[in-house]
2 protein chains.
Amino acid sequence: MVRPTMEDVALRAGVSRALVSLVMRGSPKVSELRRSAVLKAAEELGYSPHAMARSLASRTSTVLGVMVSDLHNAFFAEVVDGIDEVAREQGFDIIINTGGRSPARERRALESLLSFRPAGLILLSPVVPATAIGKAAEQLPVVLVARSSRVSTVDTVNDDGEQGARLAVDHLVSLGHKRIAHLDGGEGTQAGPRRRGYVAAMEAHGLVPQVVSSEYTDAAGARAIRSLIDDDALPTAILSCNDFNAVGAISALEDAGLRVPDDVSVVGYDNTSLAALRHVSLTTIDQPRAEFGRLAADALLQRVREERIEPVRHLLNPSLVVRSTTAPPGGPR
Amino acid sequence: MVRPTMEDVALRAGVSRALVSLVMRGSPKVSELRRSAVLKAAEELGYSPHAMARSLASRTSTVLGVMVSDLHNAFFAEVVDGIDEVAREQGFDIIINTGGRSPARERRALESLLSFRPAGLILLSPVVPATAIGKAAEQLPVVLVARSSRVSTVDTVNDDGEQGARLAVDHLVSLGHKRIAHLDGGEGTQAGPRRRGYVAAMEAHGLVPQVVSSEYTDAAGARAIRSLIDDDALPTAILSCNDFNAVGAISALEDAGLRVPDDVSVVGYDNTSLAALRHVSLTTIDQPRAEFGRLAADALLQRVREERIEPVRHLLNPSLVVRSTTAPPGGPR
DNA sequence: TCTATTGGTTGGAGCGCTCTAACCCTGTAA
DNA sequence: TTACAGGGTTAGAGCGCTCCAACCAATAGA
């Protein structure tokens with residue numbers, strides 16, 4: 001359980017510790033003779049460099065910290081894939097930590113990540129207050145994904161929720177729908193832009209917006225539908241705030257004896273793997289998640305290398321994915 | 001961008017660096033006067049301890065490394081919750097890394113985790129070869145979740161897949177089913193025990209097992225059903241290898257004009273959040289995932305504290321969750 | 001009164017590494 | 001012959017921290 005150090009390798013190879021260090025860092029100014037001797041000794045001892053000691057001594061880090069607000073949401077997994085891809089290309093490692101959707105736990109996760117003195121930090125949809133983010137940003141480069149910020153030292157990567165909602169409304173209108181309700185995401189991240197986009201698109205089409213208060217869960221979607229039915233206010237099409245909500249809405253509609261899309265069309269948001277399941281086959285709005293990750297990592301590494309000072313605000317275009325839950329009012333002809 | 005050190009705090013508080021260290025570690029042998037002075041200075045400077053320097057100096061670590069083979073699978077999120085809970089209770093932090101389902105990437109993730117010299121390692125359903133795990137286990141305590149091992153220095157936490165399959169079969173038999181097919185998980189982790197449990201339970205009931213080769217995806221589940229229909233070999237009940245597979249099977253059954261559970265009953269495995277969606281409402285087998293995480297963390301910390309040498313093999317009992325996809329053959333009366 | 005004892009505090013060594021400056025060659029130019 | 005350059009190598013300081021031994025009152029016991 002005791003790992004060999006550089007000293008051990010140096011001793012065994014008959015060279016100095018500094019030389020071993022050079023070999024480990026792939027320096028060109030080492031003779032082939034010594035290099036192979038060192039590598040052989042390292043191999044025999046099962047030596048691998050101590051990342052922390054290295055980073056302490058060099059006062060640099062090749063680690064990027066990633067804080068995922070909710071590990072349960074597969075959305076983030078794809079963003080992490082994008083981050084990982086870029087980071088690895090450029091010789092950086094990532095360490096992940098999770099906030100479990102609770103501000104307190106998230107704060108702790110942040111602390112923990114910071115204590116490793118990573119080169120930079122990427123926060124995925126964090127729920128901690130902006131001041132906490134600002135404080136972190138004083139110490140190292142920070143990039144926010146799926147959350148906006150006005151702090152000038154922080155870069156952000158988001159999708160254009162207004163445009164996404166507009167895409168959905170345009171799609172439904174082109175199918176012939178006139179009564180389209182929006183099940184709203186309430187306080188949730190990105191709920192605001194989606195709602196605004198919906199309202200603007202409806203008005204642009206000369207239609208009356210109908211915003212129903214709801215949440216990012218399937219139970220909430222079902223509840224919203226039931227209240228619409230009770231109020232006799234059911235439209236011919238629904239734009240949900242996200243896929244979970246949409247699936248809940250569909251269940252409630254079916255429970256009420258209505259068919260989707262024949263009686264009511266439903267559009268989700270996020271294009272989660274759930275939406276792609278053939279049993280669900282939900283028309284939804286896709287966000288380029290891996291691209292989020294790649295852009296975030298790129299932006300962060302630019303700051304790490306001090307190539308840029310001004311903040312960057314990426315706003316990516318979502319796209320419509322048509323599946324089986326939308327059709328003209330009255331059902332597919 | 002330059003973080004304050006202990007020295008800075010000591011200077012500001014008018015004490016020695018060693019005293020600051022004591023305060024930071026919550027030592028009782030510090031007067032209240034100094035303690036508050038130090039904490040005040042630290043607060044003002046925005047100081048937080050440097051985890052790497054600490055771990056280097058103390059030759060100990062309060063970090064547990066967690067390798068998640070697939071971040072996309074929400075299964076692991078709950079296991080991580082369990083790990084996190086126990087770790088935090090006992091003053092440990094966790095850092096997560098992901099293998100992205102690829103052995104090469106997983107190996108790299110392992111290397112990276114190891115380079116931080118954590119106190120121990122928890123591997124969630126790793127796909128790297130056993131030798132790589134054995135090598136890691138020579139350097140620090142290792143616990144495996146959802147993967148078995150015969151290495152005596154490695155602890156394991158698994159669910160009893162045989163029993164889970166048996167529960168499902170017993171449930172279907174008690175509903176009156178006699179022809180029950182199993183859509184097999186092939187090479188997937190835990191597919192073996194589930195298949196064995198299914199076969200044993202069928203035989204115990206005097207029924208003929210019908211194993212259909214399939215995989216852990218919804219597309220594979222749908223394919224298996226179609227081949228059963230083509231061969232005119234469709235039974236009255238299906239036990240899928242996991243929830244995704246079951247959802248795919250349901251889609252294919254509905255596409256073929258069959259109703260679930262009226263014409264065919266379907267049981268999944270894993271009780272993912274997918275199964276709980278009201279639109280899906282899948283009868284399935286639940287694994288105590290958070291408990292997996294808690295037990296894994298407990299086992300690891302026991303080894304970290306050198307309280308135990310012999311390996312531990314946890315085999316947890318799964319349980320049946322009855323929802324809406326199972327009924328007596330011919331449908332609910 | 002002097003010596004123990006105890007609670008609180010501190011300097012210094014050292015964790016495993018990197019980095020700078022100095023060093024030692026050997027080969028080449030003056 | 002001396003000077004110089006430059007590739008290859010090394011000693012030593014130091015990164016931010018912990019830990020040990022020593023130290024310093026202040027009090028208690030004899």
# chains A, B, ... in the order shown; residues from 1 in each chain; ligands from 1
>>> select_by_dssp(residues="segment 2-85 of chain B", states="strand (DSSP E)", output="ChimeraX atom specification")
/B:63-68
>>> residues_around(residues="Ala74 of chain A", least_positions_apart="6", cutoff="10 Å", atoms="only C-alpha atoms (C1' of nucleotides)", output="VMD selection string")
(chain A and resid 80 272 to 274) or (chain B and resid 71 to 74 77)
>>> write_last_selection(atoms="N, CA and C atoms", output="mmCIF file, in the first residue's frame")
data_model
loop_
_atom_site.group_PDB
_atom_site.id
_atom_site.type_symbol
_atom_site.label_atom_id
_atom_site.label_comp_id
_atom_site.auth_asym_id
_atom_site.auth_seq_id
_atom_site.Cartn_x
_atom_site.Cartn_y
_atom_site.Cartn_z
ATOM 1 N N VAL A 80 -21.133 16.463 -20.178
ATOM 2 C CA VAL A 80 -19.854 15.992 -19.648
ATOM 3 C C VAL A 80 -19.053 15.287 -20.732
ATOM 4 N N THR A 272 -34.580 14.431 -24.341
ATOM 5 C CA THR A 272 -33.903 13.445 -23.498
ATOM 6 C C THR A 272 -34.055 12.066 -24.118
ATOM 7 N N SER A 273 -33.304 11.110 -23.609
ATOM 8 C CA SER A 273 -33.375 9.752 -24.150
ATOM 9 C C SER A 273 -34.792 9.202 -23.974
ATOM 10 N N LEU A 274 -35.483 9.702 -22.970
ATOM 11 C CA LEU A 274 -36.874 9.330 -22.735
ATOM 12 C C LEU A 274 -37.732 9.615 -23.965
ATOM 13 N N LEU B 71 -22.326 7.565 -17.054
ATOM 14 C CA LEU B 71 -23.034 8.685 -16.449
ATOM 15 C C LEU B 71 -24.452 8.813 -16.992
ATOM 16 N N HIS B 72 -24.686 8.203 -18.155
ATOM 17 C CA HIS B 72 -25.993 8.335 -18.795
ATOM 18 C C HIS B 72 -27.051 7.511 -18.078
ATOM 19 N N ASN B 73 -26.601 6.559 -17.305
ATOM 20 C CA ASN B 73 -27.529 5.659 -16.642
ATOM 21 C C ASN B 73 -27.869 6.173 -15.242
ATOM 22 N N ALA B 74 -29.129 6.524 -15.046
ATOM 23 C CA ALA B 74 -29.531 7.117 -13.775
ATOM 24 C C ALA B 74 -29.367 6.141 -12.611
ATOM 25 N N ALA B 77 -26.618 7.253 -10.488
ATOM 26 C CA ALA B 77 -26.823 8.492 -9.751
ATOM 27 C C ALA B 77 -27.285 8.177 -8.328
#
>>> interface_residues(of="chain A", to="chain B", cutoff="9 Å", atoms="only C-alpha atoms", output="MDAnalysis selection string")
chainID A and resid 1:3 48:53 55:56 70:78 80:81 93:98 100 109 111:117 135 137:141 218:219 222 244 247:252 254 274 277:280
>>> closest_atom_pairs(of="chain D", to="chain B", cutoff="9 Å", atoms="only C-alpha atoms (C1' of nucleotides)", output="tab-separated table")
residue	atom	partner	partner_atom	distance
D:DC15	C1'	B:Ala53	CA	8.3
D:DG16	C1'	B:Ala53	CA	5.1
D:DC17	C1'	B:Arg54	CA	4.7
D:DT18	C1'	B:Ser58	CA	5.1
D:DC19	C1'	B:Ser58	CA	7.8
>>> residues_around(residues="DA21 of chain C", least_positions_apart="3", cutoff="12 Å", atoms="only C-alpha atoms (C1' of nucleotides)", output="list in words")
DT10, DA11, DG12 and DA13 of chain D
>>> interface_residues(of="chain C", to="chain A", cutoff="6 Å", atoms="only C-alpha atoms (C1' of nucleotides)", output="tab-separated table (two decimals) with C-alpha atoms (C1' of nucleotides), in the first residue's frame")
chain	number	residue	atom	x	y	z
C	16	DG	C1'	6.76	14.27	-3.68
C	17	DC	C1'	7.40	16.94	-6.90
C	18	DT	C1'	9.15	21.16	-10.32
>>> closest_residue(among="A:Arg12, A:Lys178, A:Arg196, A:Arg147", to="Gln163 of chain A", atoms="only C-alpha atoms")
A:Arg196
>>> residues_around(residues="DA5 of chain D", least_positions_apart="3", cutoff="10 Å", atoms="only C-alpha atoms (C1' of nucleotides)", output="list in words")
DG27, DT28 and DA29 of chain C
>>> write_last_selection(atoms="N, CA and C atoms (P, O5', C5', C4', C3', O3' and C1' of nucleotides)", output="PDB file, in the first residue's frame")
ATOM      1  P    DG C  27      34.138  14.790 -28.383  1.00  0.00           P
ATOM      2  O5'  DG C  27      33.744  16.117 -29.173  1.00  0.00           O
ATOM      3  C5'  DG C  27      32.366  16.432 -29.366  1.00  0.00           C
ATOM      4  C4'  DG C  27      32.243  17.804 -29.988  1.00  0.00           C
ATOM      5  C3'  DG C  27      33.222  18.064 -31.142  1.00  0.00           C
ATOM      6  O3'  DG C  27      32.539  18.770 -32.162  1.00  0.00           O
ATOM      7  C1'  DG C  27      33.532  19.695 -29.453  1.00  0.00           C
ATOM      8  P    DT C  28      33.236  18.945 -33.617  1.00  0.00           P
ATOM      9  O5'  DT C  28      33.455  20.515 -33.673  1.00  0.00           O
ATOM     10  C5'  DT C  28      32.338  21.392 -33.470  1.00  0.00           C
ATOM     11  C4'  DT C  28      32.845  22.797 -33.186  1.00  0.00           C
ATOM     12  C3'  DT C  28      33.831  23.337 -34.235  1.00  0.00           C
ATOM     13  O3'  DT C  28      33.360  24.576 -34.724  1.00  0.00           O
ATOM     14  C1'  DT C  28      34.623  23.726 -32.034  1.00  0.00           C
ATOM     15  P    DA C  29      33.933  25.193 -36.055  1.00  0.00           P
ATOM     16  O5'  DA C  29      34.326  26.657 -35.558  1.00  0.00           O
ATOM     17  C5'  DA C  29      33.384  27.427 -34.818  1.00  0.00           C
ATOM     18  C4'  DA C  29      34.106  28.539 -34.061  1.00  0.00           C
ATOM     19  C3'  DA C  29      35.068  29.359 -34.919  1.00  0.00           C
ATOM     20  O3'  DA C  29      34.904  30.741 -34.628  1.00  0.00           O
ATOM     21  C1'  DA C  29      36.244  28.442 -33.068  1.00  0.00           C
TER      22       DA C  29
END
